[in-house]
file target.cif (mmCIF, C-alpha atoms and all ligand atoms)
data_data
loop_
_atom_site.label_atom_id
_atom_site.label_comp_id
_atom_site.auth_asym_id
_atom_site.auth_seq_id
_atom_site.Cartn_x
_atom_site.Cartn_y
_atom_site.Cartn_z
CA MET A 25 0.00 0.00 0.00
CA ARG A 26 1.70 3.21 -1.18
CA PHE A 27 0.59 6.84 -1.45
CA ASP A 28 3.47 8.25 -3.49
CA GLY A 29 2.41 11.48 -5.20
CA LYS A 30 -0.85 11.55 -3.21
CA VAL A 31 -1.96 14.32 -0.88
CA GLY A 32 -4.06 13.77 2.24
CA LEU A 33 -5.83 15.91 4.82
CA VAL A 34 -6.59 14.46 8.24
CA THR A 35 -8.72 16.32 10.79
CA GLY A 36 -8.19 15.71 14.49
CA ALA A 37 -4.71 14.58 13.45
CA ALA A 38 -2.90 15.71 16.59
CA SER A 39 -3.93 12.66 18.61
CA GLY A 40 -5.19 9.09 18.57
CA ILE A 41 -6.64 7.66 15.36
CA GLY A 42 -6.08 10.81 13.28
CA ARG A 43 -2.44 11.04 14.32
CA ALA A 44 -1.86 7.38 13.44
CA THR A 45 -3.55 7.90 10.06
CA ALA A 46 -1.49 10.99 9.22
CA ILE A 47 1.75 9.24 10.19
CA GLY A 48 0.80 6.04 8.31
CA PHE A 49 -0.13 7.99 5.16
CA ALA A 50 3.18 9.87 5.21
CA GLN A 51 5.22 6.72 5.97
CA ARG A 52 3.78 5.21 2.79
CA GLY A 53 4.91 8.11 0.62
CA GLY A 54 1.99 10.55 0.85
CA SER A 55 2.10 14.25 1.71
CA VAL A 56 -0.23 15.14 4.55
CA ILE A 57 -1.95 18.15 6.07
CA VAL A 58 -2.15 17.64 9.83
CA ALA A 59 -5.23 19.60 10.92
CA ASP A 60 -6.35 20.01 14.51
CA TYR A 61 -7.81 22.72 16.69
CA SER A 62 -4.71 22.37 18.80
CA GLY A 63 -2.16 24.08 16.57
CA THR A 64 0.70 23.21 18.94
CA ARG A 65 -0.04 19.49 18.91
CA ALA A 66 -0.69 19.51 15.14
CA ARG A 67 2.73 21.10 14.60
CA ALA A 68 4.33 18.46 16.83
CA VAL A 69 2.86 15.64 14.70
CA ALA A 70 3.89 17.36 11.46
CA GLN A 71 7.42 17.79 12.85
CA GLU A 72 7.52 14.13 13.86
CA ILE A 73 6.67 13.22 10.25
CA THR A 74 9.17 15.58 8.63
CA ALA A 75 11.90 14.58 11.10
CA SER A 76 11.62 11.02 9.83
CA GLY A 77 11.80 12.10 6.18
CA GLY A 78 8.08 12.48 5.41
CA ARG A 79 6.15 15.42 3.96
CA ALA A 80 3.67 17.18 6.25
CA GLU A 81 2.26 20.60 6.99
CA ALA A 82 0.32 21.53 10.12
CA ILE A 83 -2.70 23.80 10.31
CA LYS A 84 -4.66 24.98 13.32
CA ALA A 85 -8.21 24.29 12.17
CA ASP A 86 -11.43 23.97 14.15
CA VAL A 87 -13.72 21.70 12.12
CA THR A 88 -16.77 23.48 13.51
CA ALA A 89 -15.64 26.62 11.60
CA ALA A 90 -16.38 26.33 7.88
CA ALA A 91 -13.59 28.81 7.06
CA ASP A 92 -11.01 26.67 8.90
CA LEU A 93 -11.99 23.57 6.92
CA GLN A 94 -11.77 25.52 3.68
CA ALA A 95 -8.35 26.85 4.73
CA ALA A 96 -7.13 23.29 5.34
CA VAL A 97 -8.29 22.15 1.88
CA ASP A 98 -6.73 25.28 0.34
CA LEU A 99 -3.44 24.55 2.14
CA ALA A 100 -3.34 21.03 0.65
CA CYS A 101 -3.72 22.53 -2.82
CA SER A 102 -1.31 25.45 -2.38
CA ARG A 103 1.41 23.48 -0.58
CA PHE A 104 1.16 20.11 -2.33
CA GLY A 105 -0.90 20.85 -5.47
CA ARG A 106 -3.90 18.54 -5.07
CA LEU A 107 -6.11 16.59 -2.63
CA ASP A 108 -6.51 12.82 -2.97
CA PHE A 109 -7.59 11.80 0.53
CA LEU A 110 -9.71 13.40 3.22
CA HIS A 111 -10.10 11.81 6.64
CA ASN A 112 -13.00 13.43 8.53
CA ASN A 113 -12.03 12.32 12.00
CA ALA A 114 -12.00 15.13 14.60
CA TYR A 115 -14.33 14.83 17.56
CA SER A 116 -14.65 16.15 21.07
CA TYR A 117 -17.31 16.10 23.74
CA PRO A 118 -18.33 19.47 25.21
CA LYS A 119 -15.83 20.43 27.92
CA GLY A 120 -16.62 18.73 31.21
CA ILE A 121 -19.73 16.98 29.89
CA ALA A 122 -19.51 13.24 29.40
CA GLY A 123 -22.65 11.17 28.83
CA SER A 124 -26.06 11.83 30.33
CA ALA A 125 -29.51 10.29 30.13
CA LEU A 126 -31.52 11.82 27.28
CA GLY A 127 -33.85 13.55 29.74
CA GLU A 128 -30.87 15.44 31.16
CA THR A 129 -29.26 16.27 27.83
CA ALA A 130 -29.19 20.01 27.18
CA ASP A 131 -29.83 21.50 23.74
CA GLU A 132 -26.31 22.97 23.80
CA THR A 133 -24.82 19.51 24.30
CA TRP A 134 -26.91 18.07 21.47
CA GLN A 135 -25.92 20.95 19.19
CA HIS A 136 -22.23 20.57 20.03
CA HIS A 137 -22.33 16.93 18.88
CA LEU A 138 -24.15 17.82 15.66
CA ASN A 139 -21.63 20.58 14.91
CA VAL A 140 -18.46 18.57 15.44
CA GLY A 141 -19.79 15.15 14.46
CA ILE A 142 -21.87 15.60 11.32
CA THR A 143 -22.00 19.24 10.13
CA ALA A 144 -18.20 19.34 10.09
CA VAL A 145 -18.10 16.06 8.17
CA MET A 146 -20.52 17.47 5.59
CA ARG A 147 -18.58 20.74 5.24
CA GLY A 148 -15.19 19.01 5.04
CA THR A 149 -16.54 16.65 2.41
CA ARG A 150 -18.14 19.48 0.43
CA ALA A 151 -14.89 21.49 0.42
CA ALA A 152 -12.84 18.44 -0.62
CA LEU A 153 -15.31 17.44 -3.34
CA ALA A 154 -14.84 20.81 -5.03
CA VAL A 155 -11.21 19.82 -5.64
CA MET A 156 -11.71 16.09 -6.17
CA VAL A 157 -14.48 16.47 -8.77
CA LYS A 158 -12.13 18.59 -10.90
CA GLN A 159 -9.40 15.97 -10.48
CA ARG A 160 -11.97 13.24 -11.19
CA SER A 161 -10.46 11.21 -8.35
CA GLY A 162 -10.36 11.12 -4.58
CA ALA A 163 -11.06 9.04 -1.51
CA ILE A 164 -12.90 10.25 1.57
CA VAL A 165 -12.90 8.23 4.77
CA ASN A 166 -15.04 9.23 7.74
CA THR A 167 -14.55 8.04 11.29
CA ALA A 168 -17.91 6.74 12.46
CA SER A 169 -18.12 4.30 15.39
CA ILE A 170 -19.72 1.08 16.55
CA SER A 171 -21.83 3.59 18.49
CA GLY A 172 -23.34 4.52 15.13
CA VAL A 173 -24.40 0.92 14.57
CA LEU A 174 -25.68 0.01 18.04
CA ALA A 175 -26.96 1.98 21.03
CA ASP A 176 -25.16 2.94 24.22
CA TYR A 177 -26.57 4.07 27.54
CA HIS A 178 -26.34 7.83 28.18
CA ASN A 179 -24.78 8.75 24.86
CA ALA A 180 -27.75 9.70 22.64
CA PRO A 181 -26.15 12.61 20.73
CA TYR A 182 -23.03 10.57 19.93
CA ASN A 183 -25.09 7.54 18.85
CA ALA A 184 -27.29 9.70 16.61
CA VAL A 185 -24.38 11.60 15.06
CA LYS A 186 -22.27 8.53 14.33
CA ALA A 187 -25.27 6.78 12.72
CA ALA A 188 -25.69 9.91 10.59
CA VAL A 189 -22.05 9.67 9.50
CA ILE A 190 -22.64 6.12 8.22
CA ASN A 191 -25.59 7.07 6.05
CA PHE A 192 -24.00 10.36 4.94
CA THR A 193 -21.05 8.25 3.77
CA ARG A 194 -23.41 6.20 1.59
CA VAL A 195 -24.98 9.34 0.11
CA VAL A 196 -21.61 10.78 -0.88
CA ALA A 197 -20.53 7.41 -2.29
CA LEU A 198 -23.67 7.21 -4.38
CA GLU A 199 -23.68 10.78 -5.65
CA TYR A 200 -20.00 10.93 -6.57
CA ALA A 201 -19.23 7.40 -7.79
CA ARG A 202 -19.30 8.55 -11.39
CA ASP A 203 -16.83 11.33 -10.62
CA GLY A 204 -14.17 8.82 -9.60
CA ILE A 205 -14.60 9.60 -5.91
CA ARG A 206 -15.04 6.93 -3.24
CA CYS A 207 -16.41 7.54 0.25
CA ASN A 208 -16.26 5.00 3.07
CA CYS A 209 -16.25 4.99 6.84
CA VAL A 210 -14.62 3.05 9.61
CA CYS A 211 -16.55 2.06 12.74
CA PRO A 212 -13.96 1.63 15.48
CA GLY A 213 -14.68 -0.20 18.70
CA VAL A 214 -12.93 0.77 21.93
CA THR A 215 -9.54 2.06 20.89
CA GLU A 216 -6.83 3.13 23.30
CA THR A 217 -6.55 6.87 22.63
CA PRO A 218 -6.16 9.69 25.22
CA PRO A 219 -9.91 10.29 25.88
CA ILE A 220 -10.52 6.55 26.24
CA ARG A 221 -7.54 6.22 28.58
CA VAL A 222 -9.21 8.76 30.87
CA MET A 223 -12.37 6.63 30.97
CA LEU A 224 -10.34 3.48 31.51
CA GLY A 225 -8.96 5.09 34.66
CA ARG A 226 -12.33 4.56 36.37
CA PRO A 227 -12.58 1.53 38.68
CA ASN A 228 -13.02 -1.77 36.77
CA ALA A 229 -13.49 0.07 33.45
CA ARG A 230 -10.62 -1.62 31.63
CA GLN A 231 -11.68 -5.06 32.79
CA ALA A 232 -15.31 -4.40 31.72
CA ALA A 233 -14.18 -3.16 28.30
CA GLU A 234 -11.91 -6.16 27.76
CA GLU A 235 -14.63 -8.58 28.81
CA ALA A 236 -17.04 -7.06 26.25
CA ILE A 237 -14.53 -7.62 23.45
CA PRO A 238 -14.10 -11.23 22.24
CA MET A 239 -10.42 -10.56 21.48
CA ARG A 240 -10.08 -9.54 25.15
CA ARG A 241 -8.15 -6.39 24.38
CA LEU A 242 -8.68 -2.83 23.20
CA GLY A 243 -7.77 -1.63 19.72
CA ARG A 244 -4.67 0.40 19.01
CA PRO A 245 -4.96 3.65 17.02
CA GLU A 246 -2.71 2.14 14.32
CA GLU A 247 -5.15 -0.75 13.85
CA ILE A 248 -7.94 1.68 13.03
CA ALA A 249 -5.61 3.82 10.89
CA ASN A 250 -4.73 0.70 8.87
CA VAL A 251 -8.41 0.31 7.91
CA VAL A 252 -8.67 4.01 7.04
CA LEU A 253 -5.54 3.81 4.90
CA PHE A 254 -6.74 0.68 3.11
CA LEU A 255 -10.03 2.45 2.29
CA ALA A 256 -8.04 5.49 1.10
CA SER A 257 -5.75 3.38 -1.06
CA ASP A 258 -6.03 2.02 -4.57
CA LEU A 259 -6.31 -1.46 -3.03
CA ALA A 260 -9.90 -0.46 -2.19
CA SER A 261 -10.59 0.78 -5.73
CA PHE A 262 -13.98 -1.00 -5.95
CA VAL A 263 -15.07 -0.25 -2.38
CA THR A 264 -17.42 2.68 -1.80
CA GLY A 265 -20.20 3.41 0.69
CA ALA A 266 -18.88 0.78 3.10
CA ALA A 267 -18.94 0.98 6.88
CA VAL A 268 -16.08 -1.22 8.03
CA VAL A 269 -16.26 -2.35 11.65
CA ALA A 270 -12.95 -2.77 13.49
CA ASP A 271 -13.82 -3.72 17.06
CA GLY A 272 -12.15 -6.99 18.06
CA GLY A 273 -15.56 -8.65 17.66
CA GLN A 274 -17.43 -6.48 20.19
CA THR A 275 -20.55 -6.08 18.05
CA LEU A 276 -20.72 -9.78 17.14
CA HIS A 277 -22.60 -11.01 20.14
CA THR A 278 -26.14 -10.73 21.46
CA ARG A 279 -24.98 -10.68 25.10
CA ASN A 280 -27.31 -13.59 25.80
CA PHE A 281 -25.74 -15.45 28.70
CA PHE A 282 -27.04 -19.01 28.20
N1 LIG B 301 -11.10 5.90 20.65
C1 LIG B 301 -12.20 5.18 20.49
O1 LIG B 301 -12.46 4.21 21.23
C2 LIG B 301 -13.16 5.51 19.36
C3 LIG B 301 -14.17 4.60 19.07
C4 LIG B 301 -15.05 4.89 18.04
C5 LIG B 301 -14.91 6.06 17.31
N2 LIG B 301 -13.92 6.94 17.65
C6 LIG B 301 -13.83 8.15 16.85
O2 LIG B 301 -12.50 8.30 16.41
C7 LIG B 301 -12.24 9.68 16.14
C8 LIG B 301 -10.92 10.06 16.79
O3 LIG B 301 -11.02 9.87 18.18
P1 LIG B 301 -9.78 9.54 19.10
O4 LIG B 301 -10.23 8.49 20.05
O5 LIG B 301 -8.58 9.34 18.26
O6 LIG B 301 -9.69 10.89 19.95
P2 LIG B 301 -8.49 11.89 20.28
O7 LIG B 301 -9.01 12.82 21.30
O8 LIG B 301 -7.24 11.12 20.59
O9 LIG B 301 -8.30 12.66 18.90
C9 LIG B 301 -9.24 13.59 18.46
C10 LIG B 301 -8.52 14.84 17.97
O10 LIG B 301 -9.51 15.72 17.45
C11 LIG B 301 -9.18 17.03 17.84
N3 LIG B 301 -10.40 17.84 17.82
C12 LIG B 301 -11.44 17.77 18.66
N4 LIG B 301 -12.38 18.67 18.32
C13 LIG B 301 -11.90 19.33 17.23
C14 LIG B 301 -12.40 20.38 16.42
N5 LIG B 301 -13.59 20.96 16.68
N6 LIG B 301 -11.66 20.79 15.37
C15 LIG B 301 -10.46 20.21 15.11
N7 LIG B 301 -9.92 19.25 15.86
C16 LIG B 301 -10.64 18.80 16.90
C17 LIG B 301 -8.56 16.89 19.22
O11 LIG B 301 -7.73 18.01 19.55
C18 LIG B 301 -7.78 15.59 19.08
O12 LIG B 301 -6.44 15.85 18.67
C19 LIG B 301 -13.47 10.44 16.64
O13 LIG B 301 -14.31 10.73 15.54
C20 LIG B 301 -14.13 9.44 17.57
O14 LIG B 301 -15.51 9.67 17.69
C21 LIG B 301 -13.04 6.69 18.65
#

call {"tool": "encode", "arguments": {"input": "target.cif", "output": "C-alpha cells"}}
result
Amino acid sequence: MRFDGKVGLVTGAASGIGRATAIGFAQRGGSVIVADYSGTRARAVAQEITASGGRAEAIKADVTAAADLQAAVDLACSRFGRLDFLHNNAYSYPKGIAGSALGETADETWQHHLNVGITAVMRGTRAALAVMVKQRSGAIVNTASISGVLADYHNAPYNAVKAAVINFTRVVALEYARDGIRCNCVCPGVTETPPIRVMLGRPNARQAAEEAIPMRRLGRPEEIANVVLFLASDLASFVTGAAVVADGGQTLHTRNFF
C-alpha cells in the first residue's frame, strides 16, 4: 500500500486515530496536512513526520468553523498541489460533559455533537469534493463508530451523530461514484486513545471493556488507521459506501448469557 504522489488531509490529526492515520499515510509516501484545533499538537505531529523524512504541513483548524476547513483544503492545494484523501475524524465532547440520560441532555450539548460530528463532516466533504471532482479522483474516509451501529446508555447525541455519519457516507458514495470519488467509513470499537484512557482510569473500566470484546483487548490507534488507509488506497478501488467495523468482535454477540 503506497501513497506516493498523493496528498491527504486528516482532521483531528494531533492525537489518537487521526495522528496514526497521518503518520501512516506519510510513511507510505503521501504528503499530509495535519489539521487540529490544537495548533501546537498539530505542529508536533507534522514535525515528527518531517523529522523522519516524510512530507507534512500543520494547520490549526477547528472543524466546527467552515472557514477553517476551507483553509485546510486550500493549504493542501497550495502546498502540495492537489487533494486525494480526506479523513473526517476530529471529535470532542463538550468540555466537562460526558454522557447523560436523554432527559438530562441540554440542547447545547446536542448541538455541540451535531456541529463537530456531522455538520463538520458534511462541510469538510463538500470542500474536498470541489477539488476532487475537478481531479476526477479522490477518496474520503469518515470516522464513524460502533456507536453509530448500536446503542449505548447515556450517549444519545453521539449515537445519533455517528449513525448519521454512516448514512452520509453512503450518500456521498452514491452521488460521486461517477466522478471517480469513493467515500467510506470506519466504525472503530474501543480504541486506546487519550480520551478513552481517561475513561479506563475509572474503577473496573478496563476489565469491563476487555470482557465485552471477544479478542479480550482494546484496539490500538494504528489498527484503526490501517483500515482508514486501506479504504483510502487504490487497493480499495472497488469499495465505496462501506462501513467497516474494526472492534475486536465487540458487536458480534447478542450478550445472551445461556
Ligand atoms: N477511541 C475510540 O475508542 C473511538 C471509538 C469509536 C470512534 N472513535 C472516533 O474516532 C475519532 C478520533 O477519536 P480519538 O479516540 O482518536 O480521539 P483523540 O481525542 O485522541 O483525537 C481527536 C482529535 O480531534 C481534535 N479535535 C477535537 N475537536 C476538534 C475540532 N472541533 N476541530 C479540530 N480538531 C478537533 C482533538 O484536539 C484531538 O487531537 C473520533 O471521531 C471518535 O468519535 C473513537

call {"tool": "residues_near_ligand", "arguments": {"input": "target.cif", "ligand": "ligand LIG 301 (chain B)", "cutoff": "7 Å", "atoms": "only C-alpha atoms and all ligand atoms", "output": "NGL selection string"}}
result
:A and (35-42 or 59-62 or 85-88 or 113-116 or 140 or 167-171 or 211-220 or 245)

call {"tool": "atom_distance", "arguments": {"input": "target.cif", "atom1": "atom CA of Arg52 of chain A", "atom2": "atom CA of Leu110 of chain A"}}
result
15.8 Å

call {"tool": "atom_distance", "arguments": {"input": "target.cif", "atom1": "atom CA of Arg26 of chain A", "atom2": "atom CA of Ala256 of chain A"}}
result
10.3 Å

call {"tool": "closest_residue", "arguments": {"input": "target.cif", "among": "A:Gly272, A:Gly32, A:Gly63, A:Gly162", "to": "Glu235 of chain A", "atoms": "all atoms listed in the file"}}
result
A:Gly272

call {"tool": "atom_distance", "arguments": {"input": "target.cif", "atom1": "atom CA of Glu247 of chain A", "atom2": "atom CA of Ile142 of chain A"}}
result
23.5 Å

call {"tool": "residues_near_point", "arguments": {"input": "target.cif", "point": "(-3.5, 16.2, -0.4)", "cutoff": "8 Å", "atoms": "only C-alpha atoms", "output": "list in words"}}
result
Lys30, Val31, Gly32, Leu33, Gly54, Ser55, Val56, Ile57, Val97, Ala100, Cys101, Phe104, Gly105, Arg106, Leu107, Asp108, Phe109 and Leu110 of chain A

call {"tool": "residues_around", "arguments": {"input": "target.cif", "residues": "Glu132 of chain A", "least_positions_apart": "3", "cutoff": "12 Å", "atoms": "all atoms listed in the file", "output": "tab-separated table (two decimals) with C-alpha atoms, keeping the file's coordinate frame"}}
result
chain	number	residue	atom	x	y	z
A	117	TYR	CA	-17.31	16.10	23.74
A	118	PRO	CA	-18.33	19.47	25.21
A	119	LYS	CA	-15.83	20.43	27.92
A	121	ILE	CA	-19.73	16.98	29.89
A	128	GLU	CA	-30.87	15.44	31.16
A	129	THR	CA	-29.26	16.27	27.83
A	135	GLN	CA	-25.92	20.95	19.19
A	136	HIS	CA	-22.23	20.57	20.03
A	137	HIS	CA	-22.33	16.93	18.88
A	138	LEU	CA	-24.15	17.82	15.66
A	139	ASN	CA	-21.63	20.58	14.91
A	181	PRO	CA	-26.15	12.61	20.73

call {"tool": "closest_residue", "arguments": {"input": "target.cif", "among": "A:Ser161, A:Thr143, A:Ser124, A:Thr278", "to": "Ala188 of chain A", "atoms": "all atoms listed in the file"}}
result
A:Thr143

call {"tool": "closest_residue", "arguments": {"input": "target.cif", "among": "A:Lys84, A:Phe49, A:Gly273, A:Met146", "to": "Glu234 of chain A", "atoms": "all atoms listed in the file"}}
result
A:Gly273

call {"tool": "closest_residue", "arguments": {"input": "target.cif", "among": "A:Asn166, A:Thr149, A:Thr74, A:Asn183", "to": "Gly123 of chain A", "atoms": "all atoms listed in the file"}}
result
A:Asn183

call {"tool": "closest_residue", "arguments": {"input": "target.cif", "among": "A:Val173, A:Ile164, A:Ala66, A:Ile205", "to": "Val185 of chain A", "atoms": "all atoms listed in the file"}}
result
A:Val173

call {"tool": "residues_around", "arguments": {"input": "target.cif", "residues": "Val165 of chain A", "least_positions_apart": "6", "cutoff": "8 Å", "atoms": "only C-alpha atoms", "output": "ChimeraX atom specification"}}
result
/A:109-112,207-210,252,255-256

call {"tool": "build_atoms", "arguments": {"input": "target.cif", "residues": "segment 105-139 of chain A", "atoms": "N, CA and C atoms", "output": "short mmCIF file (atom, residue, chain, number, x, y, z; two decimals), in the frame of the given file"}}
result
data_model
loop_
_atom_site.label_atom_id
_atom_site.label_comp_id
_atom_site.auth_asym_id
_atom_site.auth_seq_id
_atom_site.Cartn_x
_atom_site.Cartn_y
_atom_site.Cartn_z
N GLY A 105 -0.39 20.85 -4.09
CA GLY A 105 -0.90 20.85 -5.47
C GLY A 105 -2.16 20.06 -5.77
N ARG A 106 -2.69 19.32 -4.79
CA ARG A 106 -3.90 18.54 -5.07
C ARG A 106 -4.48 18.00 -3.75
N LEU A 107 -5.56 17.25 -3.83
CA LEU A 107 -6.11 16.59 -2.63
C LEU A 107 -6.70 15.25 -3.06
N ASP A 108 -6.07 14.17 -2.58
CA ASP A 108 -6.51 12.82 -2.97
C ASP A 108 -7.27 12.12 -1.87
N PHE A 109 -7.07 12.55 -0.63
CA PHE A 109 -7.59 11.80 0.53
C PHE A 109 -8.01 12.79 1.61
N LEU A 110 -9.24 12.64 2.06
CA LEU A 110 -9.71 13.40 3.22
C LEU A 110 -10.15 12.42 4.29
N HIS A 111 -9.64 12.60 5.50
CA HIS A 111 -10.10 11.81 6.64
C HIS A 111 -10.83 12.74 7.60
N ASN A 112 -12.17 12.67 7.59
CA ASN A 112 -13.00 13.43 8.53
C ASN A 112 -13.02 12.66 9.84
N ASN A 113 -12.29 13.15 10.82
CA ASN A 113 -12.03 12.32 12.00
C ASN A 113 -12.16 13.04 13.33
N ALA A 114 -12.03 14.38 13.33
CA ALA A 114 -12.00 15.13 14.60
C ALA A 114 -13.29 14.94 15.38
N TYR A 115 -13.15 14.90 16.70
CA TYR A 115 -14.33 14.83 17.56
C TYR A 115 -13.94 15.25 18.97
N SER A 116 -14.84 15.91 19.64
CA SER A 116 -14.65 16.15 21.07
C SER A 116 -16.02 16.28 21.71
N TYR A 117 -16.09 15.86 22.96
CA TYR A 117 -17.31 16.10 23.74
C TYR A 117 -17.24 17.55 24.26
N PRO A 118 -18.39 18.13 24.61
CA PRO A 118 -18.33 19.47 25.21
C PRO A 118 -17.50 19.40 26.49
N LYS A 119 -16.75 20.45 26.76
CA LYS A 119 -15.83 20.43 27.92
C LYS A 119 -16.58 20.08 29.21
N GLY A 120 -16.07 19.08 29.91
CA GLY A 120 -16.62 18.73 31.21
C GLY A 120 -17.93 17.96 31.15
N ILE A 121 -18.45 17.69 29.97
CA ILE A 121 -19.73 16.98 29.89
C ILE A 121 -19.52 15.64 29.20
N ALA A 122 -19.59 14.58 29.99
CA ALA A 122 -19.51 13.24 29.40
C ALA A 122 -20.94 12.83 29.02
N GLY A 123 -21.30 11.59 29.19
CA GLY A 123 -22.65 11.17 28.83
C GLY A 123 -23.69 11.60 29.84
N SER A 124 -24.95 11.60 29.40
CA SER A 124 -26.06 11.83 30.33
C SER A 124 -27.30 11.17 29.74
N ALA A 125 -28.24 10.84 30.62
CA ALA A 125 -29.51 10.29 30.13
C ALA A 125 -30.16 11.33 29.21
N LEU A 126 -30.94 10.88 28.26
CA LEU A 126 -31.52 11.82 27.28
C LEU A 126 -32.30 12.92 27.96
N GLY A 127 -33.04 12.56 29.02
CA GLY A 127 -33.85 13.55 29.74
C GLY A 127 -33.04 14.68 30.33
N GLU A 128 -31.75 14.41 30.58
CA GLU A 128 -30.87 15.44 31.16
C GLU A 128 -29.91 16.04 30.13
N THR A 129 -30.17 15.77 28.87
CA THR A 129 -29.26 16.27 27.83
C THR A 129 -29.71 17.65 27.36
N ALA A 130 -28.85 18.63 27.55
CA ALA A 130 -29.19 20.01 27.18
C ALA A 130 -29.11 20.21 25.67
N ASP A 131 -29.88 21.15 25.17
CA ASP A 131 -29.83 21.50 23.74
C ASP A 131 -28.41 21.84 23.29
N GLU A 132 -27.68 22.55 24.17
CA GLU A 132 -26.31 22.97 23.80
C GLU A 132 -25.42 21.75 23.59
N THR A 133 -25.62 20.74 24.43
CA THR A 133 -24.82 19.51 24.30
C THR A 133 -25.15 18.82 22.99
N TRP A 134 -26.45 18.70 22.72
CA TRP A 134 -26.91 18.07 21.47
C TRP A 134 -26.31 18.80 20.26
N GLN A 135 -26.40 20.14 20.32
CA GLN A 135 -25.92 20.95 19.19
C GLN A 135 -24.41 20.83 19.01
N HIS A 136 -23.68 20.75 20.12
CA HIS A 136 -22.23 20.57 20.03
C HIS A 136 -21.91 19.30 19.23
N HIS A 137 -22.59 18.21 19.56
CA HIS A 137 -22.33 16.93 18.88
C HIS A 137 -22.67 17.03 17.39
N LEU A 138 -23.80 17.66 17.09
CA LEU A 138 -24.15 17.82 15.66
C LEU A 138 -23.08 18.62 14.94
N ASN A 139 -22.61 19.70 15.57
CA ASN A 139 -21.63 20.58 14.91
C ASN A 139 -20.34 19.85 14.59
#
